[in-house]
file final_6.pdb (PDB, C-alpha atoms, pLDDT in the B column)
MODEL        1
ATOM      1  CA  MET A   1       3.342  -1.780 -13.009  1.00 89.00           C
ATOM      2  CA  ILE A   2      -0.387  -1.717 -12.436  1.00 94.00           C
ATOM      3  CA  CYS A   3      -1.009   1.267 -10.194  1.00 94.00           C
ATOM      4  CA  TYR A   4      -4.088   2.291  -8.259  1.00 93.00           C
ATOM      5  CA  GLU A   5      -3.871   5.947  -7.418  1.00 94.00           C
ATOM      6  CA  VAL A   6      -5.732   8.950  -6.118  1.00 94.00           C
ATOM      7  CA  PRO A   7      -6.644  10.971  -9.219  1.00 92.00           C
ATOM      8  CA  LEU A   8      -5.314  14.503  -9.488  1.00 93.00           C
ATOM      9  CA  ARG A   9      -8.890  15.790  -9.749  1.00 93.00           C
ATOM     10  CA  VAL A  10      -9.467  14.397  -6.224  1.00 92.00           C
ATOM     11  CA  PHE A  11      -6.153  15.582  -4.779  1.00 92.00           C
ATOM     12  CA  GLY A  12      -3.750  17.381  -7.067  1.00 87.00           C
ATOM     13  CA  LYS A  13      -1.452  19.134  -4.609  1.00 85.00           C
ATOM     14  CA  THR A  14       1.303  16.517  -4.591  1.00 87.00           C
ATOM     15  CA  TYR A  15       4.972  17.395  -4.256  1.00 85.00           C
ATOM     16  CA  ASN A  16       5.743  16.247  -7.802  1.00 89.00           C
ATOM     17  CA  GLY A  17       2.417  16.891  -9.531  1.00 90.00           C
ATOM     18  CA  GLN A  18       1.795  13.150 -10.006  1.00 91.00           C
ATOM     19  CA  PRO A  19      -1.182  11.228  -8.572  1.00 93.00           C
ATOM     20  CA  LEU A  20      -0.714   9.605  -5.161  1.00 92.00           C
ATOM     21  CA  MET A  21      -0.054   5.868  -5.503  1.00 92.00           C
ATOM     22  CA  TYR A  22      -2.348   3.925  -3.194  1.00 92.00           C
ATOM     23  CA  ALA A  23      -1.463   0.358  -4.218  1.00 94.00           C
ATOM     24  CA  ALA A  24       0.401  -1.252  -7.091  1.00 95.00           C
ATOM     25  CA  LEU A  25       1.321  -4.612  -8.546  1.00 96.00           C
ATOM     26  CA  ALA A  26       4.647  -5.008 -10.317  1.00 96.00           C
ATOM     27  CA  ALA A  27       6.756  -7.717 -11.913  1.00 95.00           C
ATOM     28  CA  GLN A  28      10.437  -7.406 -11.059  1.00 90.00           C
ATOM     29  CA  LYS A  29      13.279  -9.548 -12.413  1.00 92.00           C
ATOM     30  CA  GLN A  30      13.451 -12.012  -9.501  1.00 93.00           C
ATOM     31  CA  TYR A  31      10.017 -11.589  -7.908  1.00 95.00           C
ATOM     32  CA  ASN A  32       6.631  -9.908  -8.076  1.00 97.00           C
ATOM     33  CA  ALA A  33       5.665  -7.148  -5.677  1.00 96.00           C
ATOM     34  CA  ILE A  34       2.577  -5.563  -4.212  1.00 96.00           C
ATOM     35  CA  TYR A  35       3.068  -2.015  -2.988  1.00 95.00           C
ATOM     36  CA  LEU A  36       0.720  -1.149  -0.121  1.00 95.00           C
ATOM     37  CA  THR A  37       1.459   2.455   0.715  1.00 92.00           C
ATOM     38  CA  ASN A  38      -1.278   2.599   3.337  1.00 92.00           C
ATOM     39  CA  VAL A  39       0.691   0.004   5.338  1.00 93.00           C
ATOM     40  CA  TYR A  40       3.700   2.340   5.255  1.00 88.00           C
ATOM     41  CA  CYS A  41       1.526   5.096   6.751  1.00 84.00           C
ATOM     42  CA  ASP A  42      -0.249   3.050   9.425  1.00 89.00           C
ATOM     43  CA  ASP A  43       1.454   0.749  11.958  1.00 91.00           C
ATOM     44  CA  THR A  44      -1.872  -0.910  12.835  1.00 94.00           C
ATOM     45  CA  LEU A  45      -2.303  -2.017   9.227  1.00 94.00           C
ATOM     46  CA  ARG A  46       1.279  -3.270   9.169  1.00 95.00           C
ATOM     47  CA  GLU A  47       0.552  -5.384  12.259  1.00 96.00           C
ATOM     48  CA  ARG A  48      -2.625  -6.745  10.616  1.00 96.00           C
ATOM     49  CA  LEU A  49      -0.637  -7.671   7.528  1.00 96.00           C
ATOM     50  CA  VAL A  50       2.034  -9.487   9.540  1.00 97.00           C
ATOM     51  CA  ALA A  51      -0.632 -11.315  11.570  1.00 97.00           C
ATOM     52  CA  GLY A  52      -2.472 -12.322   8.382  1.00 97.00           C
ATOM     53  CA  PHE A  53       0.673 -13.889   6.957  1.00 97.00           C
ATOM     54  CA  GLU A  54       1.315 -15.716  10.238  1.00 97.00           C
ATOM     55  CA  ARG A  55      -2.284 -17.050  10.400  1.00 97.00           C
ATOM     56  CA  ALA A  56      -2.010 -18.311   6.828  1.00 97.00           C
ATOM     57  CA  GLY A  57       1.374 -19.920   7.534  1.00 97.00           C
ATOM     58  CA  LYS A  58       3.040 -17.923   4.778  1.00 97.00           C
ATOM     59  CA  LYS A  59       6.402 -16.170   4.795  1.00 96.00           C
ATOM     60  CA  LEU A  60       6.321 -12.375   4.654  1.00 96.00           C
ATOM     61  CA  ASN A  61       9.111 -10.765   2.618  1.00 96.00           C
ATOM     62  CA  MET A  62       8.517  -7.056   3.010  1.00 95.00           C
ATOM     63  CA  GLY A  63      10.214  -3.699   2.694  1.00 93.00           C
ATOM     64  CA  LYS A  64       8.590  -0.463   3.862  1.00 90.00           C
ATOM     65  CA  SER A  65       5.509  -0.822   1.666  1.00 89.00           C
ATOM     66  CA  CYS A  66       6.569  -3.555  -0.750  1.00 94.00           C
ATOM     67  CA  VAL A  67       5.481  -7.181  -0.270  1.00 97.00           C
ATOM     68  CA  ARG A  68       7.682  -9.420  -2.433  1.00 97.00           C
ATOM     69  CA  PHE A  69       6.471 -12.837  -3.636  1.00 97.00           C
ATOM     70  CA  LYS A  70       7.122 -15.411  -6.377  1.00 96.00           C
ATOM     71  CA  HIS A  71       3.574 -16.717  -6.925  1.00 95.00           C
ATOM     72  CA  ALA A  72       0.112 -15.477  -5.974  1.00 94.00           C
ATOM     73  CA  SER A  73      -0.235 -18.631  -3.849  1.00 95.00           C
ATOM     74  CA  ASP A  74       2.506 -17.171  -1.600  1.00 96.00           C
ATOM     75  CA  LEU A  75       0.047 -14.477  -0.454  1.00 96.00           C
ATOM     76  CA  PRO A  76      -2.893 -14.568   1.954  1.00 97.00           C
ATOM     77  CA  LEU A  77      -5.163 -12.868  -0.577  1.00 96.00           C
ATOM     78  CA  ASP A  78      -8.001 -12.266   1.902  1.00 96.00           C
ATOM     79  CA  THR A  79      -5.588 -10.341   4.138  1.00 96.00           C
ATOM     80  CA  ILE A  80      -4.195  -8.340   1.211  1.00 96.00           C
ATOM     81  CA  GLY A  81      -7.728  -7.449   0.112  1.00 95.00           C
ATOM     82  CA  SER A  82      -8.767  -6.332   3.585  1.00 96.00           C
ATOM     83  CA  ILE A  83      -5.620  -4.196   3.923  1.00 95.00           C
ATOM     84  CA  VAL A  84      -6.279  -2.464   0.589  1.00 93.00           C
ATOM     85  CA  ALA A  85      -9.910  -1.820   1.560  1.00 94.00           C
ATOM     86  CA  ALA A  86      -9.032  -0.600   5.073  1.00 95.00           C
ATOM     87  CA  THR A  87      -8.097   2.975   4.144  1.00 93.00           C
ATOM     88  CA  SER A  88     -10.488   5.376   2.455  1.00 93.00           C
ATOM     89  CA  VAL A  89      -9.242   7.908  -0.075  1.00 92.00           C
ATOM     90  CA  GLU A  90      -9.876  10.676   2.459  1.00 92.00           C
ATOM     91  CA  GLN A  91      -7.804   8.892   5.124  1.00 92.00           C
ATOM     92  CA  PHE A  92      -5.012   8.225   2.636  1.00 92.00           C
ATOM     93  CA  VAL A  93      -4.878  11.868   1.565  1.00 91.00           C
ATOM     94  CA  ALA A  94      -4.802  12.883   5.253  1.00 90.00           C
ATOM     95  CA  PHE A  95      -1.831  10.523   5.834  1.00 89.00           C
ATOM     96  CA  TYR A  96      -0.070  12.115   2.868  1.00 88.00           C
ATOM     97  CA  GLN A  97      -0.739  15.640   4.070  1.00 87.00           C
ATOM     98  CA  ALA A  98       0.527  14.837   7.569  1.00 86.00           C
ATOM     99  CA  SER A  99       3.691  13.290   6.127  1.00 83.00           C
ATOM    100  CA  ARG A 100       4.464  16.407   4.115  1.00 80.00           C
ATOM    101  CA  GLY A 101       4.129  18.707   7.150  1.00 75.00           C
ATOM    102  CA  ARG A 102       2.096  21.344   5.317  1.00 61.00           C
ATOM    103  CA  THR A 103      -1.333  22.830   5.615  1.00 57.00           C
ATOM    104  CA  TYR A 104      -3.485  22.147   2.545  1.00 54.00           C
ATOM    105  CA  ARG A 105      -6.680  23.926   1.589  1.00 52.00           C
TER     106      ARG A 105
ENDMDL
END

call {"tool": "encode", "arguments": {"input": "final_6.pdb", "output": "structure tokens"}}
result
Amino acid sequence: MICYEVPLRVFGKTYNGQPLMYAALAAQKQYNAIYLTNVYCDDTLRERLVAGFERAGKKLNMGKSCVRFKHASDLPLDTIGSIVAATSVEQFVAFYQASRGRTYR
């Protein structure tokens, strides 16, 4: 899995001591997958992703943050790129902190 993450030097107070995964690309047995964790955190981004697939005439096969596909041509790459770029590191860390229900300093 190719993983893009928030380095521990930027935000190291994670529940398991591992960097926060922002996005990832993985090869599974039956399909490939892009993990867009910012979509899981933000319903507006999820709606943009769904709309992007509809505009491109492509089928969306998605879990909570996982977009499954067989070939790169199955993806609206411009939409995927804009979704990845839509959330800054600071916003992503804020989503994480809110999800954990703690106050961080």

call {"tool": "closest_residue", "arguments": {"input": "final_6.pdb", "among": "A:Tyr4, A:Arg9, A:Ile83, A:Thr14", "to": "Gln97 of chain A", "atoms": "all atoms listed in the file"}}
result
A:Thr14

call {"tool": "residues_around", "arguments": {"input": "final_6.pdb", "residues": "Phe53 of chain A", "least_positions_apart": "6", "cutoff": "8 Å", "atoms": "only C-alpha atoms", "output": "VMD selection string"}}
result
chain A and resid 59 to 60 75 to 76 79

call {"tool": "residues_around", "arguments": {"input": "final_6.pdb", "residues": "Asp42 of chain A", "least_positions_apart": "3", "cutoff": "12 Å", "atoms": "all atoms listed in the file", "output": "list in words"}}
result
Leu36, Thr37, Asn38, Val39, Leu45, Arg46, Glu47, Arg48, Leu49, Lys64, Ser65, Ile83, Ala86, Thr87, Gln91, Phe92, Ala94, Phe95, Tyr96, Ala98 and Ser99 of chain A

call {"tool": "closest_residue", "arguments": {"input": "final_6.pdb", "among": "A:Gly12, A:Thr44, A:Tyr31, A:Ser82", "to": "Val67 of chain A", "atoms": "all atoms listed in the file"}}
result
A:Tyr31

call {"tool": "residues_around", "arguments": {"input": "final_6.pdb", "residues": "Ile2 of chain A", "least_positions_apart": "2", "cutoff": "10 Å", "atoms": "all atoms listed in the file", "output": "JSON, numbers by chain"}}
result
{"A": [4, 5, 23, 24, 25, 26, 27, 34]}

call {"tool": "closest_residue", "arguments": {"input": "final_6.pdb", "among": "A:Phe69, A:Tyr40, A:Tyr22, A:Tyr35", "to": "Ser88 of chain A", "atoms": "all atoms listed in the file"}}
result
A:Tyr22

call {"tool": "atom_distance", "arguments": {"input": "final_6.pdb", "atom1": "atom CA of Met1 of chain A", "atom2": "atom CA of Ala85 of chain A"}}
result
19.7 Å

call {"tool": "atom_distance", "arguments": {"input": "final_6.pdb", "atom1": "atom CA of Leu77 of chain A", "atom2": "atom CA of Pro7 of chain A"}}
result
25.4 Å

call {"tool": "atom_distance", "arguments": {"input": "final_6.pdb", "atom1": "atom CA of Ala33 of chain A", "atom2": "atom CA of Ala72 of chain A"}}
result
10.0 Å

call {"tool": "axis_aligned_box", "arguments": {"input": "final_6.pdb", "around": "segment 75-85 of chain A", "padding_each_side": "6 Å", "output": "lines of an AutoDock Vina configuration file"}}
result
center_x = -4.9
center_y = -8.2
center_z = 1.8
size_x = 22.0
size_y = 24.7
size_z = 16.7

call {"tool": "closest_residue", "arguments": {"input": "final_6.pdb", "among": "A:Arg100, A:Lys58, A:Val93, A:Val50", "to": "Phe11 of chain A", "atoms": "all atoms listed in the file"}}
result
A:Val93

call {"tool": "residues_near_point", "arguments": {"input": "final_6.pdb", "point": "(-0.2, 13.2, -10.3)", "cutoff": "6 Å", "atoms": "only C-alpha atoms", "output": "MDAnalysis selection string"}}
result
chainID A and resid 8 17:19

call {"tool": "closest_residue", "arguments": {"input": "final_6.pdb", "among": "A:Ala56, A:Asn32, A:Val6, A:His71", "to": "Leu20 of chain A", "atoms": "all atoms listed in the file"}}
result
A:Val6

call {"tool": "closest_residue", "arguments": {"input": "final_6.pdb", "among": "A:Arg68, A:Asp78, A:Glu54, A:Val84", "to": "Gln30 of chain A", "atoms": "only C-alpha atoms"}}
result
A:Arg68
